[in-house]
Amino acid sequence: MSEPLLLQPKPAAEGAPVDAKVSSRQRNRGFGSIAVAGLILLCGGIALYWSIDRKSHIGFVTKRISRGPVVRTVTTSGTVNPIITVQVGAYVSGVVQARYCDYNTEVKKGQICAKIDPRPYQAVVDQTRANLGVAKAQLVKDKANLAYTRVALERNQKLVVTKAVSQDVRDQSQSAYDQAVAQVGLDEATIALQEANLRAAEINLGYTDIIAPVDGTVVTRAVEMGQTVAASFQTPTLFLVGTDLTIMQVDANVSESDVGAIRTGDKASFTVESFPNRTFAGEVIQVRQSPQTIQNVVTYDVVVSAPNKDHALKPGMTATTRIVIDERADALRAPDQAFRYAPKGSAIEAPKEGSAKLWVLRDGAPQAVIVTLGLDDDVNTEILAGEAHEGDEAIIGEERRPSP
């Protein structure tokens, strides 16, 4: 009886890397495990998706068509300013001797805000007044001489008739009289000139008092004590006085594309960064015709009134301004989103000018209605006519919802 044949593993070749072979088999088993796990996850995800899909459906997102205001506005930025600002300058040069007003000082018309050293101008006044006195004294002297030459002329005119004096003496008397008359006229002109010089000197002396020309508040001060001001070429501005700050204005920069719709009397409102939760009310009081070019953009200054009884607004504040150019107080309106919605696969038709297709939800199904459009404020659009009614649910989108 033959012995059973036993299979023995082939001995590894001498020097073969046994560990490397084992490691290769381990890697293959690892890759296989990852592939199996990925396949399981994929199948699970597909199963979960179909499970969720069977338990959900497509629903419509709607907003109700209602009545309410539709307001068309122009939004822009501007700057808060006093209605009237007056520059207070110096008409004469000199050193500022005193300053009586500062920022926020309430001033009255005629109040002295600063004083330039008056001594040089007082000296001119004194000198001119002295010159006037000299001229007046000279007039008195020359009038006395005129009286003397008149008497001499009259006497010589009588004596020449009786041949007591020669004609030459008489002519000399006439010449002396004429010269005296001319001198008196010259003296009177000199006095008038000196009086004018005195008035001018006194005016310049008065200009050393820098006074407020109007009632108001000092909003800018550009002078210090001891400062030298020079009025040789142009009047330097020392103070800027804003009149009644309880009534301010907003100078709004409106682009040329929007300014044509703005009219005087339009309602407006604005906010400032200092009071972000407060809205200030006003109205358009002026649309200025002069254009301004800012960074190659043409704008126009639209002036909006800004009541400021509590002095919350300060000159120079930046105001975000909304100007109402058209409005409907109680309009039938639908959200703008509804006019951008259309169900998938619906036919696209070009509506007539001024009308649009709107989808409303009726009996759980979308239904298209044609409406005539009115005013649009970028949030809601006015419906003037058509098959949409107050209370209809306008469809604005779709969403997946769980099935009941």
# chains A, B, ... in the order shown; residues from 1 in each chain; ligands from 1
$ select_by_dssp --residues "range 167-323 of chain A" --states "alpha helix (DSSP H)" --output "number ranges by chain"
A: 167-206, 256-259
$ write_last_selection --atoms "C-alpha atoms" --output "CSV table (one decimal), in the first residue's frame"
chain,number,residue,atom,x,y,z
A,167,GLN,CA,-3.9,202.4,-12.5
A,168,ASP,CA,-1.0,200.0,-11.8
A,169,VAL,CA,-1.6,200.2,-8.1
A,170,ARG,CA,-5.3,199.5,-8.6
A,171,ASP,CA,-4.4,196.4,-10.8
A,172,GLN,CA,-2.1,195.1,-8.1
A,173,SER,CA,-5.0,195.4,-5.5
A,174,GLN,CA,-7.2,193.5,-7.9
A,175,SER,CA,-4.6,190.7,-8.3
A,176,ALA,CA,-4.1,190.4,-4.5
A,177,TYR,CA,-7.8,190.1,-4.0
A,178,ASP,CA,-8.2,187.4,-6.6
A,179,GLN,CA,-5.4,185.4,-5.1
A,180,ALA,CA,-7.0,185.7,-1.6
A,181,VAL,CA,-10.3,184.4,-3.0
A,182,ALA,CA,-8.5,181.5,-4.6
A,183,GLN,CA,-6.6,180.7,-1.4
A,184,VAL,CA,-9.8,180.6,0.6
A,185,GLY,CA,-11.2,178.1,-1.9
A,186,LEU,CA,-8.1,176.0,-1.6
A,187,ASP,CA,-8.3,176.1,2.2
A,188,GLU,CA,-11.9,174.9,2.1
A,189,ALA,CA,-11.0,172.0,-0.3
A,190,THR,CA,-8.1,171.1,2.0
A,191,ILE,CA,-10.4,171.0,5.0
A,192,ALA,CA,-12.8,168.7,3.0
A,193,LEU,CA,-9.9,166.4,2.1
A,194,GLN,CA,-8.7,166.3,5.7
A,195,GLU,CA,-12.3,165.6,6.9
A,196,ALA,CA,-12.5,162.7,4.4
A,197,ASN,CA,-9.1,161.4,5.6
A,198,LEU,CA,-10.3,161.6,9.2
A,199,ARG,CA,-13.4,159.6,8.4
A,200,ALA,CA,-11.4,156.9,6.6
A,201,ALA,CA,-8.9,156.8,9.5
A,202,GLU,CA,-11.8,156.4,12.0
A,203,ILE,CA,-13.3,153.7,9.9
A,204,ASN,CA,-10.0,151.8,9.9
A,205,LEU,CA,-9.8,152.3,13.6
A,206,GLY,CA,-13.3,150.8,14.0
A,256,GLU,CA,-28.0,113.6,-13.0
A,257,SER,CA,-30.0,110.4,-13.7
A,258,ASP,CA,-32.2,111.0,-10.6
A,259,VAL,CA,-32.3,114.8,-10.2
$ residues_around --residues "Gly226 in chain A" --least-positions-apart "3" --cutoff "9 Å" --atoms "only C-alpha atoms" --output "list in words"
Val95, Val96, Gln97, Ala98 and Val223 of chain A
$ residues_around --residues "Ala365 in chain A" --least-positions-apart "4" --cutoff "10 Å" --atoms "only C-alpha atoms" --output "ChimeraX atom specification"
/A:59-60,359-361
$ atom_distance --atom1 "CA of Ile396 in chain A" --atom2 "CA of Thr75 in chain A"
26.3 Å
$ residues_around --residues "Ala334 in chain A" --least-positions-apart "5" --cutoff "6 Å" --atoms "only C-alpha atoms" --output "compact mmCIF listing (two decimals) with N, CA and C atoms, in the first residue's frame"
# COMPACT_ATOMS: atom_id res chain seq x y z
N ILE A 65 -50.69 89.09 -1.11
CA ILE A 65 -50.97 90.37 -1.78
C ILE A 65 -51.83 91.20 -0.84
N ASN A 380 -41.98 96.38 -3.25
CA ASN A 380 -43.33 96.01 -3.69
C ASN A 380 -43.68 96.77 -4.96
N THR A 381 -44.61 96.20 -5.73
CA THR A 381 -45.09 96.84 -6.95
C THR A 381 -46.60 97.00 -6.87
$ closest_residue --among "A:Thr220, A:Thr62, A:Thr85, A:Gln122" --to "Cys101 in chain A" --atoms "only C-alpha atoms"
A:Thr220
$ residues_around --residues "range 311-323 of chain A" --least-positions-apart "3" --cutoff "8 Å" --atoms "only C-alpha atoms" --output "ChimeraX atom specification"
/A:73-82,219,245-246,248,250,252,262,266-273,283-284,308
$ atom_distance --atom1 "CA of Cys113 in chain A" --atom2 "CA of Phe239 in chain A"
8.5 Å
$ residues_around --residues "Gln286 in chain A" --least-positions-apart "2" --cutoff "6 Å" --atoms "only C-alpha atoms" --output "list of chain:residue names"
A:Thr264, A:Val284, A:Val302, A:Val303
$ closest_residue --among "A:Thr105, A:Glu154, A:Ile325, A:Lys115" --to "Thr228 in chain A" --atoms "only C-alpha atoms"
A:Lys115
$ atom_distance --atom1 "CA of Pro213 in chain A" --atom2 "CA of Gln234 in chain A"
18.5 Å
$ residues_around --residues "Val241 in chain A" --least-positions-apart "5" --cutoff "7 Å" --atoms "only C-alpha atoms" --output "JSON, numbers by chain"
{"A": [85, 86, 87, 216, 217, 218, 219]}
$ write_last_selection --atoms "C-alpha atoms" --output "short mmCIF file (atom, residue, chain, number, x, y, z; two decimals), in the first residue's frame"
data_model
loop_
_atom_site.label_atom_id
_atom_site.label_comp_id
_atom_site.auth_asym_id
_atom_site.auth_seq_id
_atom_site.Cartn_x
_atom_site.Cartn_y
_atom_site.Cartn_z
CA THR A 85 -22.96 130.86 7.32
CA VAL A 86 -21.26 134.23 7.47
CA GLN A 87 -17.52 134.70 7.27
CA GLY A 216 -25.74 133.07 15.49
CA THR A 217 -23.18 130.57 16.74
CA VAL A 218 -19.45 130.49 16.08
CA VAL A 219 -18.83 127.23 14.21
#
